[in-house]
$ cat entry_8.txt   # compact mmCIF, C-alpha atoms
# COMPACT_ATOMS: atom_id res chain seq x y z
CA MET H 1 150.00 -21.34 101.73
CA ARG H 2 150.16 -18.27 99.50
CA VAL H 3 146.82 -16.62 98.69
CA LYS H 4 146.38 -15.37 95.13
CA PRO H 5 146.03 -11.57 94.71
CA GLY H 6 142.82 -12.02 92.71
CA LEU H 7 141.20 -13.89 95.60
CA ILE H 8 142.27 -11.16 98.03
CA ARG H 9 140.74 -8.49 95.79
CA CYS H 10 137.48 -10.47 95.60
CA ARG H 11 137.37 -10.70 99.40
CA HIS H 12 137.96 -6.96 99.78
CA LEU H 13 135.29 -6.20 97.17
CA LEU H 14 132.79 -8.47 98.92
CA ARG H 15 133.49 -6.79 102.27
CA ALA H 16 132.97 -3.36 100.70
CA LEU H 17 129.54 -4.29 99.31
CA GLY H 18 126.37 -3.60 101.25
CA LEU H 19 124.14 -6.37 102.59
CA ARG H 20 121.75 -6.07 99.64
CA TRP H 21 124.48 -6.57 97.04
CA LYS H 22 126.13 -9.33 99.06
CA ILE H 23 122.88 -11.31 99.15
CA SER H 24 122.30 -10.69 95.43
CA ALA H 25 125.87 -11.72 94.58
CA LEU H 26 125.64 -14.89 96.71
CA LEU H 27 122.28 -15.84 95.17
CA ALA H 28 123.62 -15.21 91.68
CA ALA H 29 126.76 -17.25 92.43
CA GLY H 30 124.70 -20.11 93.87
CA CYS H 31 122.30 -20.14 90.93
CA SER H 32 125.26 -19.96 88.52
CA LEU H 33 126.82 -23.00 90.16
CA VAL H 34 123.53 -24.92 89.98
CA ALA H 35 122.94 -23.87 86.37
CA VAL H 36 126.46 -24.89 85.32
CA THR H 37 126.13 -28.25 87.10
CA ILE H 38 122.76 -28.99 85.51
CA GLY H 39 124.03 -27.85 82.10
CA VAL H 40 127.08 -30.11 82.31
CA LEU H 41 124.94 -33.09 83.34
CA ILE H 42 122.46 -32.51 80.49
CA HIS H 43 125.29 -32.04 77.98
CA ASP H 44 127.04 -35.23 79.10
CA ALA H 45 123.79 -37.24 79.03
CA ARG H 46 122.94 -36.04 75.53
CA ALA H 47 126.52 -36.63 74.33
CA ARG H 48 126.36 -40.23 75.60
CA GLN H 49 123.02 -40.75 73.82
CA VAL H 50 124.47 -39.39 70.58
CA ALA H 51 127.59 -41.56 70.90
CA GLU H 52 125.61 -44.75 71.59
CA ALA H 53 123.23 -44.08 68.69
CA ALA H 54 126.16 -43.33 66.38
CA ARG H 55 127.96 -46.53 67.35
CA GLU H 56 124.82 -48.60 66.82
CA SER H 57 124.21 -46.95 63.45
CA ALA H 58 127.81 -47.56 62.38
CA VAL H 59 127.62 -51.24 63.38
CA ALA H 60 124.33 -51.67 61.48
CA GLN H 61 125.85 -50.10 58.36
CA LEU H 62 128.95 -52.27 58.71
CA ILE H 63 126.72 -55.37 58.72
CA ARG H 64 124.91 -54.21 55.57
CA VAL H 65 128.22 -53.42 53.83
CA ARG H 66 129.61 -56.86 54.74
CA GLN H 67 126.52 -58.57 53.36
CA VAL H 68 126.77 -56.65 50.08
CA TYR H 69 130.51 -57.33 49.86
CA GLU H 70 130.10 -61.09 50.43
CA LEU H 71 127.35 -61.33 47.82
CA THR H 72 128.85 -59.11 45.12
CA GLY H 73 132.53 -58.96 45.97
CA ARG H 74 132.48 -55.16 45.83
CA LEU H 75 131.37 -52.17 47.87
CA ASP H 76 128.20 -50.54 46.62
CA ASP H 77 128.00 -47.02 48.07
CA ASP H 78 124.36 -46.71 47.17
CA LYS H 79 123.55 -49.52 49.59
CA VAL H 80 125.75 -48.13 52.37
CA GLY H 81 123.72 -44.95 52.97
CA GLU H 82 125.34 -42.13 54.88
CA ALA H 83 128.60 -44.01 55.64
CA ASP H 84 131.75 -44.35 53.57
CA ALA H 85 132.84 -47.95 53.16
CA TRP H 86 136.46 -48.98 52.62
CA ILE H 87 138.65 -52.00 52.37
CA ASP H 88 141.92 -51.28 54.19
CA CYS H 89 141.15 -47.57 54.48
CA PRO H 90 144.42 -45.60 54.91
CA GLY H 91 142.73 -43.16 57.32
CA LEU H 92 141.46 -45.90 59.60
CA PRO H 93 142.43 -45.19 63.26
CA GLU H 94 145.25 -47.51 64.30
CA PRO H 95 143.59 -48.83 67.49
CA LEU H 96 140.55 -49.82 65.44
CA ARG H 97 142.74 -51.48 62.77
CA ARG H 98 144.57 -53.57 65.38
CA ALA H 99 141.30 -54.66 67.01
CA ALA H 100 139.83 -55.66 63.62
CA LEU H 101 142.92 -57.67 62.61
CA ALA H 102 142.65 -59.41 65.98
CA GLY H 103 139.24 -60.72 64.90
CA GLN H 104 137.04 -58.21 66.71
CA ARG H 105 134.17 -56.19 65.37
CA THR H 106 134.38 -52.85 67.13
CA THR H 107 133.71 -49.14 66.83
CA TYR H 108 135.78 -46.01 67.30
CA LEU H 109 134.42 -42.56 68.10
CA ASP H 110 136.55 -39.65 66.87
CA LEU H 111 135.28 -36.26 68.11
CA SER H 112 138.54 -34.36 67.59
CA GLY H 113 139.01 -31.87 64.82
CA SER H 114 136.47 -30.06 62.70
CA ASP H 115 135.04 -33.26 61.16
CA PRO H 116 133.97 -35.66 63.94
CA ALA H 117 133.02 -39.19 62.89
CA VAL H 118 132.30 -42.69 64.13
CA TRP H 119 134.09 -45.75 62.67
CA ALA H 120 133.12 -49.41 62.63
CA ALA H 121 135.43 -52.18 61.38
CA ARG H 122 135.76 -55.96 61.16
CA PRO H 123 138.16 -58.40 59.46
CA VAL H 124 137.39 -59.80 55.99
CA GLY H 125 139.38 -62.11 53.78
CA GLY H 126 142.04 -62.99 56.32
CA ASP H 127 144.28 -59.96 56.67
CA HIS H 128 141.99 -57.25 55.28
CA VAL H 129 139.84 -54.81 57.22
CA LEU H 130 136.38 -53.72 56.17
CA SER H 131 135.41 -50.36 57.69
CA VAL H 132 132.69 -47.75 57.47
CA ARG H 133 132.92 -44.13 58.50
CA ARG H 134 129.92 -41.98 59.37
CA SER H 135 130.22 -38.20 59.86
CA LEU H 136 128.87 -36.72 63.12
CA ALA H 137 128.87 -33.07 62.00
CA GLY H 138 125.10 -32.87 62.39
CA GLU H 139 125.19 -34.34 65.88
CA GLN H 140 128.00 -31.96 66.84
CA ALA H 141 125.97 -28.98 65.63
CA GLU H 142 123.00 -30.29 67.62
CA LEU H 143 125.13 -30.43 70.77
CA ALA H 144 126.40 -26.89 70.12
CA ASP H 145 122.81 -25.63 69.82
CA LEU H 146 121.93 -27.46 73.02
CA ASP H 147 124.85 -25.79 74.82
CA LYS H 148 123.69 -22.35 73.61
CA GLN H 149 120.16 -23.02 74.84
CA LEU H 150 121.46 -24.20 78.21
CA ALA H 151 123.69 -21.11 78.53
CA ALA H 152 120.80 -18.78 77.67
CA SER H 153 118.46 -20.53 80.10
CA GLY H 154 121.11 -20.47 82.83
CA ALA H 155 121.78 -16.77 82.28
CA GLY H 156 118.06 -16.05 82.51
CA VAL H 157 117.70 -18.02 85.73
CA VAL H 158 120.75 -16.31 87.26
CA THR H 159 119.44 -12.88 86.25
CA LEU H 160 116.02 -13.59 87.75
CA ALA H 161 117.63 -14.92 90.93
CA ALA H 162 119.86 -11.84 91.22
CA VAL H 163 116.95 -9.46 90.67
CA GLY H 164 114.73 -11.37 93.10
CA GLY H 165 117.51 -11.50 95.66
CA ALA H 166 118.13 -7.76 95.26
CA LEU H 167 114.44 -7.01 95.82
CA LEU H 168 114.23 -9.22 98.91
CA ALA H 169 117.55 -7.96 100.25
CA SER H 170 116.51 -4.37 99.55
CA ARG H 171 113.52 -4.78 101.84
CA LEU H 172 115.69 -6.41 104.51
CA SER H 173 118.40 -3.77 104.13
CA LYS H 174 115.83 -0.97 104.37
CA ASP H 175 114.44 -2.39 107.62
CA LEU H 176 117.92 -2.82 109.07
CA ARG H 177 118.93 0.72 108.06
CA THR H 178 115.76 2.05 109.68
CA ALA H 179 116.58 0.15 112.87
CA ALA H 180 120.19 1.43 112.84
CA GLU H 181 119.10 5.03 112.23
CA THR H 182 116.55 4.83 115.04
CA ALA H 183 119.17 3.38 117.39
CA ARG H 184 121.50 6.28 116.52
CA ARG H 185 118.73 8.79 117.19
CA ILE H 186 118.07 7.18 120.57
CA SER H 187 121.78 7.27 121.42
CA GLU H 188 121.83 10.99 120.57
CA GLY H 189 119.08 11.64 123.11
CA GLU H 190 115.91 11.41 121.01
CA LEU H 191 114.23 8.99 123.38
CA GLU H 192 110.85 9.18 121.61
CA ALA H 193 112.26 7.61 118.42
CA ARG H 194 110.79 4.23 117.53
CA ILE H 195 111.29 1.81 114.64
CA GLY H 196 107.67 0.70 114.45
CA ALA H 197 106.20 -2.43 112.89
CA SER H 198 107.89 -3.93 109.83
CA GLY H 199 107.07 -6.83 107.54
CA VAL H 200 103.72 -8.50 106.89
CA PRO H 201 101.57 -8.91 110.04
CA GLY H 202 101.19 -12.51 111.18
CA THR H 203 104.40 -13.74 109.53
CA ARG H 204 107.62 -14.80 111.22
CA ASN H 205 110.10 -12.02 110.62
CA GLU H 206 113.39 -11.84 112.49
CA VAL H 207 113.85 -8.17 111.56
CA ALA H 208 110.41 -7.38 113.01
CA GLU H 209 111.42 -9.17 116.22
CA LEU H 210 114.61 -7.10 116.34
CA SER H 211 112.63 -3.89 115.76
CA SER H 212 110.18 -4.80 118.51
CA ALA H 213 113.03 -5.57 120.91
CA VAL H 214 114.76 -2.25 120.15
CA ASP H 215 111.48 -0.34 120.63
CA THR H 216 110.86 -2.10 123.94
CA MET H 217 114.39 -1.30 125.07
CA ALA H 218 113.99 2.34 124.01
CA ALA H 219 110.68 2.65 125.88
CA SER H 220 112.20 1.15 129.02
CA LEU H 221 115.26 3.38 128.72
CA GLN H 222 113.07 6.45 128.22
CA GLN H 223 111.02 5.66 131.32
CA ARG H 224 114.12 5.18 133.45
CA LEU H 225 115.84 8.34 132.20
CA GLU H 226 112.70 10.42 132.63
CA ALA H 227 112.31 9.08 136.15
CA GLU H 228 115.96 9.94 136.86
CA GLN H 229 115.49 13.43 135.42
CA ARG H 230 112.35 14.02 137.47
CA PHE H 231 114.11 12.79 140.60
CA THR H 232 117.12 15.05 139.98
CA ALA H 233 114.92 18.06 139.28
CA ASP H 234 112.69 17.38 142.31
CA VAL H 235 115.64 16.93 144.66
CA ALA H 236 117.37 20.07 143.40
CA HIS H 237 114.13 22.06 143.60
CA GLU H 238 113.34 20.86 147.11
CA LEU H 239 116.86 21.71 148.26
CA ARG H 240 116.60 25.33 147.18
CA THR H 241 114.27 26.38 150.02
CA PRO H 242 116.27 24.96 152.96
CA LEU H 243 119.52 26.10 151.33
CA THR H 244 118.18 29.62 151.05
CA GLY H 245 117.34 29.58 154.75
CA LEU H 246 120.70 28.03 155.56
CA HIS H 247 122.47 30.73 153.55
CA THR H 248 120.54 33.46 155.37
CA ALA H 249 121.37 31.90 158.72
CA ALA H 250 125.05 31.62 157.80
CA GLU H 251 125.14 35.32 156.99
CA LEU H 252 123.93 36.07 160.54
CA LEU H 253 126.77 34.13 162.20
CA PRO H 254 129.54 36.14 163.86
CA ALA H 255 132.74 36.58 161.91
CA GLY H 256 135.36 33.92 162.35
CA ARG H 257 137.00 30.90 160.78
CA PRO H 258 134.11 28.52 161.58
CA THR H 259 131.68 30.97 159.98
CA GLU H 260 133.81 31.15 156.83
CA LEU H 261 133.85 27.36 156.56
CA VAL H 262 130.06 27.18 156.96
CA ARG H 263 129.48 29.91 154.38
CA ASP H 264 131.89 28.22 151.94
CA ARG H 265 130.07 24.88 152.21
CA VAL H 266 126.68 26.52 151.87
CA ALA H 267 127.85 28.34 148.75
CA ALA H 268 129.13 25.03 147.33
CA LEU H 269 125.76 23.38 148.04
CA ARG H 270 123.90 26.25 146.36
CA THR H 271 126.16 26.01 143.29
CA LEU H 272 125.63 22.24 143.12
CA THR H 273 121.86 22.69 143.41
CA GLU H 274 121.77 25.26 140.62
CA ASP H 275 123.92 22.99 138.45
CA LEU H 276 121.55 20.07 139.06
CA LEU H 277 118.56 22.21 138.09
CA GLU H 278 120.33 23.33 134.93
CA VAL H 279 121.20 19.73 134.02
CA ALA H 280 117.56 18.76 134.60
CA ARG H 281 116.37 21.53 132.26
CA LEU H 282 118.88 20.49 129.62
CA ASP H 283 117.82 16.85 129.90
CA ALA H 284 114.18 17.85 129.53
CA ARG H 285 115.07 19.95 126.45
CA ARG H 286 113.25 22.96 127.86
CA GLU H 287 116.07 25.39 127.07
CA GLU H 288 115.58 27.84 124.19
CA ALA H 289 118.48 29.90 122.84
CA GLN H 290 118.25 33.62 122.02
CA LEU H 291 120.58 33.71 119.03
CA ALA H 292 122.24 36.80 117.61
CA VAL H 293 125.34 37.61 115.56
CA HIS H 294 128.44 38.78 117.49
CA ALA H 295 132.13 39.32 116.80
CA LEU H 296 133.77 36.34 118.48
CA GLY H 297 137.14 37.78 119.60
CA PRO H 298 135.90 40.73 121.70
CA LEU H 299 133.06 38.63 123.08
CA VAL H 300 135.46 35.91 124.30
CA ALA H 301 137.76 38.51 125.86
CA THR H 302 134.84 39.98 127.81
CA ILE H 303 133.62 36.56 128.96
CA THR H 304 137.12 35.56 130.09
CA ARG H 305 137.50 38.76 132.07
CA ARG H 306 134.14 38.27 133.80
CA ALA H 307 134.90 34.61 134.59
CA GLY H 308 137.52 35.69 137.10
CA VAL H 309 140.01 33.06 135.92
CA ALA H 310 143.55 34.11 135.13
CA ALA H 311 143.93 33.22 131.47
CA GLU H 312 145.66 34.70 128.43
CA VAL H 313 143.38 35.42 125.45
CA VAL H 314 144.99 34.97 122.04
CA GLY H 315 143.03 36.40 119.11
CA ALA H 316 140.90 38.82 121.14
CA ASP H 317 140.69 41.09 118.10
CA CYS H 318 139.33 38.33 115.83
CA PRO H 319 136.31 39.91 114.07
CA ALA H 320 134.81 36.64 112.82
CA PRO H 321 131.01 36.82 113.21
CA VAL H 322 129.26 33.93 114.93
CA ARG H 323 125.61 33.23 115.67
CA THR H 324 125.20 32.44 119.36
CA ASP H 325 123.46 33.12 122.66
CA VAL H 326 125.83 35.29 124.73
CA ARG H 327 124.55 34.07 128.09
CA ARG H 328 124.87 30.41 127.18
CA LEU H 329 128.27 30.88 125.52
CA GLU H 330 129.44 32.59 128.69
CA ARG H 331 128.19 29.62 130.70
CA ILE H 332 130.10 27.23 128.43
CA LEU H 333 133.40 29.12 128.46
CA THR H 334 133.21 29.85 132.19
CA ASN H 335 132.77 26.15 132.95
CA LEU H 336 135.68 25.26 130.65
CA LEU H 337 137.89 27.91 132.25
CA VAL H 338 137.01 26.82 135.79
CA ASN H 339 137.60 23.20 134.80
CA ALA H 340 141.03 24.10 133.32
CA ARG H 341 141.99 26.11 136.40
CA ARG H 342 140.75 23.52 138.90
CA HIS H 343 141.99 20.34 137.22
CA GLY H 344 144.77 21.53 134.87
CA GLY H 345 147.96 23.46 135.25
CA ASP H 346 149.27 26.94 134.48
CA PRO H 347 149.24 28.68 132.16
CA VAL H 348 145.62 28.63 130.95
CA THR H 349 145.23 29.98 127.41
CA VAL H 350 142.11 30.93 125.46
CA MET H 351 142.71 30.93 121.69
CA VAL H 352 140.22 32.40 119.21
CA TYR H 353 140.57 31.37 115.58
CA GLY H 354 137.83 31.78 113.01
CA ASN H 355 134.61 30.51 114.59
CA THR H 356 136.37 28.33 117.20
CA VAL H 357 137.43 28.98 120.79
CA THR H 358 139.98 26.68 122.47
CA VAL H 359 140.60 26.62 126.22
CA ARG H 360 143.92 24.94 126.94
CA ASP H 361 145.84 24.17 130.11
CA CYS H 362 149.18 22.54 130.86
CA GLY H 363 148.00 19.91 133.33
CA PRO H 364 147.87 16.10 133.10
CA GLY H 365 145.29 16.13 130.30
CA PHE H 366 141.87 14.55 130.03
CA PRO H 367 141.61 10.86 130.99
CA ALA H 368 141.23 8.40 128.14
CA LYS H 369 137.74 7.35 129.26
CA LEU H 370 136.52 10.94 129.13
CA LEU H 371 137.91 11.40 125.62
CA ARG H 372 136.38 8.11 124.52
CA GLU H 373 132.92 8.30 126.12
CA GLY H 374 132.41 12.01 126.74
CA PRO H 375 131.58 13.75 130.04
CA GLN H 376 129.48 11.97 132.65
CA ARG H 377 127.87 13.68 135.59
CA PHE H 378 129.41 13.06 139.01
CA LEU H 379 132.45 11.48 137.36
CA THR H 380 135.70 13.37 136.85
CA GLY H 381 137.50 10.43 135.28
CA ALA H 382 140.87 10.46 137.05
CA THR H 383 142.28 11.44 140.43
CA GLU H 384 145.09 13.45 138.86
CA ARG H 385 142.48 15.79 137.39
CA GLY H 386 141.41 16.75 140.89
CA GLN H 387 138.10 16.52 142.69
CA GLY H 388 134.78 17.69 141.24
CA THR H 389 131.20 16.79 140.45
CA GLY H 390 131.64 16.27 136.70
CA LEU H 391 128.72 18.63 136.05
CA GLY H 392 130.79 21.44 134.52
CA LEU H 393 131.62 19.63 131.30
CA THR H 394 128.15 18.06 131.21
CA ILE H 395 126.55 21.52 131.32
CA ALA H 396 129.03 22.86 128.73
CA PHE H 397 128.17 20.07 126.30
CA GLY H 398 124.44 20.50 126.94
CA GLN H 399 124.45 24.28 126.45
CA ALA H 400 126.55 23.87 123.30
CA GLN H 401 123.90 21.60 121.86
CA VAL H 402 121.23 24.22 122.62
CA ILE H 403 123.04 26.96 120.66
CA GLY H 404 124.10 24.64 117.82
CA ALA H 405 127.77 24.53 118.79
CA ARG H 406 130.10 21.57 119.23
CA VAL H 407 132.60 20.91 122.03
CA THR H 408 135.62 18.72 121.31
CA LEU H 409 138.05 17.44 123.96
CA SER H 410 141.66 16.51 123.23
CA ASN H 411 145.12 16.15 124.78
CA PRO H 412 147.49 18.06 122.46
CA ALA H 413 151.24 17.48 122.60
CA PRO H 414 153.41 17.84 124.54
CA ALA H 415 151.08 18.03 127.56
CA GLY H 416 147.84 19.47 128.85
CA ALA H 417 144.17 19.37 127.93
CA ALA H 418 142.26 21.34 125.30
CA ALA H 419 138.52 21.95 124.93
CA THR H 420 137.49 23.44 121.57
CA VAL H 421 134.10 25.10 121.04
CA THR H 422 133.05 25.36 117.39
CA LEU H 423 130.27 27.89 116.86
CA PRO H 424 127.97 28.33 113.85
CA ALA H 425 129.22 31.08 111.59
CA GLY H 426 127.24 34.30 111.49
$ encode --input "entry_8.txt" --output "structure tokens"
Amino acid sequence: MRVKPGLIRCRHLLRALGLRWKISALLAAGCSLVAVTIGVLIHDARARQVAEAARESAVAQLIRVRQVYELTGRLDDDKVGEADAWIDCPGLPEPLRRAALAGQRTTYLDLSGSDPAVWAARPVGGDHVLSVRRSLAGEQAELADLDKQLAASGAGVVTLAAVGGALLASRLSKDLRTAAETARRISEGELEARIGASGVPGTRNEVAELSSAVDTMAASLQQRLEAEQRFTADVAHELRTPLTGLHTAAELLPAGRPTELVRDRVAALRTLTEDLLEVARLDARREEAQLAVHALGPLVATITRRAGVAAEVVGADCPAPVRTDVRRLERILTNLLVNARRHGGDPVTVMVYGNTVTVRDCGPGFPAKLLREGPQRFLTGATERGQGTGLGLTIAFGQAQVIGARVTLSNPAPAGAAATVTLPAG
């Protein structure tokens, strides 16, 4: 079945409307349907009353005209009243003429044209027809006035329903928007955000129940995350002391391959511990940036050189000023460079353009889950990206948030992975 273009446009328009306007439109449409139905019923009932009264009046006048005609042999218009009386009227409707000649006394209602009327006829004198005609112009005007009143009343009811629906839906929409905004704030890490009570206390309110459920979920989530953060910070802090002793002991071992392996593992444990402590500080939002304005190109070239990762810097002379914390930007770029070297492929390129820095490799690219959901600690996403703790990207994203920057991951064609850091302009 082919759908009409107008109906498709109405559907698209309804989908584009907000909840408040959808509720108002549906209420207005429902009230319009009810108003039209009631108006049609009232109009039909009144029209039937008018038709029955007109037929009865025409029959009564026909009886009076017949009595006058039988007594006087002529039609006296003064005694007929509002009706026109005729013998064999040329304008008599043919169905009424045939019924009268068949010996019936009947009526005919003619509402067509600009001069509606009701006819009544009966046979007289064998093959003659006595008829009366009564104009219904007044009744038609009365029905027209009734229709105008019904239309005005219906429009008023629809307007009130639309306004009332908009007010009620506005309150509902406001509560839902508040709940959605609070949920977004919680998802962005603002665990203290709450919707709070909504609606009138003591009344059944589904939106209030939803708000309460979201607040309960947020409180539970906050408790669990804070417990996880405390556990991570406590474990990392407690590991520092024995690792320091272990590192000192490893330095006292005699030179040899076993000693190198022990020192390498101890260094890896110390790096992991420091990363865990940094993640714990970032989660607790205890980091404060020391912002200053720097020329981005020379700063990136210096950071790349100190990172100890073989990478080509493109745009090292870019003088674009950015507002950043040098130490934290160095932490971000170093992690991205190490990640590109460890999990990507040669060559590794650092490109500076405007207030953005892009670290790109020619490896297998970021896994789809990482691009979709962002970095997750202790999860590298794919075996082809190599082994790792997943903390490097997590720290880079966290430090970027501290300095007001943004890190974007992508897999540009034809191959490889790219991490772009967008810094606030100076």
$ residues_around --input "entry_8.txt" --residues "H:Pro123" --least-positions-apart "5" --cutoff "12 Å" --atoms "all atoms listed in the file" --output "list of chain:residue names"
H:Leu62, H:Ile63, H:Arg66, H:Trp86, H:Ile87, H:Asp88, H:Leu96, H:Arg97, H:Arg98, H:Ala99, H:Ala100, H:Leu101, H:Ala102, H:Gly103, H:Gln104, H:Arg105, H:Thr106, H:His128, H:Val129, H:Leu130, H:Ser131
$ atom_distance --input "entry_8.txt" --atom1 "atom CA of H:Leu160" --atom2 "atom CA of H:Gly30"
12.5 Å
$ closest_residue --input "entry_8.txt" --among "H:Leu221, H:Ala418, H:Val357, H:Ile186" --to "H:His343" --atoms "all atoms listed in the file"
H:Ala418
$ residues_around --input "entry_8.txt" --residues "H:Arg372" --least-positions-apart "4" --cutoff "12 Å" --atoms "all atoms listed in the file" --output "PyMOL selection string"
chain H and resi 366-368+376+381+408-411
$ residues_around --input "entry_8.txt" --residues "H:Leu336" --least-positions-apart "3" --cutoff "12 Å" --atoms "only C-alpha atoms" --output "NGL selection string"
:H and (303-304 or 307 or 309 or 311 or 329-333 or 339-344 or 348-350 or 357-361 or 390-397 or 400 or 407-409 or 417-421)
$ atom_distance --input "entry_8.txt" --atom1 "atom CA of H:Pro298" --atom2 "atom CA of H:Gly363"
26.7 Å
$ atom_distance --input "entry_8.txt" --atom1 "atom CA of H:Ser112" --atom2 "atom CA of H:Ser32"
28.7 Å
$ residues_near_point --input "entry_8.txt" --point "(138.3, 31.9, 113.9)" --cutoff "8 Å" --atoms "all atoms listed in the file" --output "ChimeraX atom specification"
/H:296,318,320,352-357
$ closest_residue --input "entry_8.txt" --among "H:Val262, H:Leu26, H:Ala35, H:Thr178" --to "H:Val163" --atoms "all atoms listed in the file"
H:Leu26
$ closest_residue --input "entry_8.txt" --among "H:Gly91, H:Leu111, H:Asp175, H:Val124" --to "H:Gln67" --atoms "all atoms listed in the file"
H:Val124
$ axis_aligned_box --input "entry_8.txt" --around "stretch 346-357 of chain H" --padding-each-side "6 Å" --output "lines of an AutoDock Vina configuration file"
center_x = 141.9
center_y = 29.7
center_z = 123.7
size_x = 26.7
size_y = 17.5
size_z = 33.5
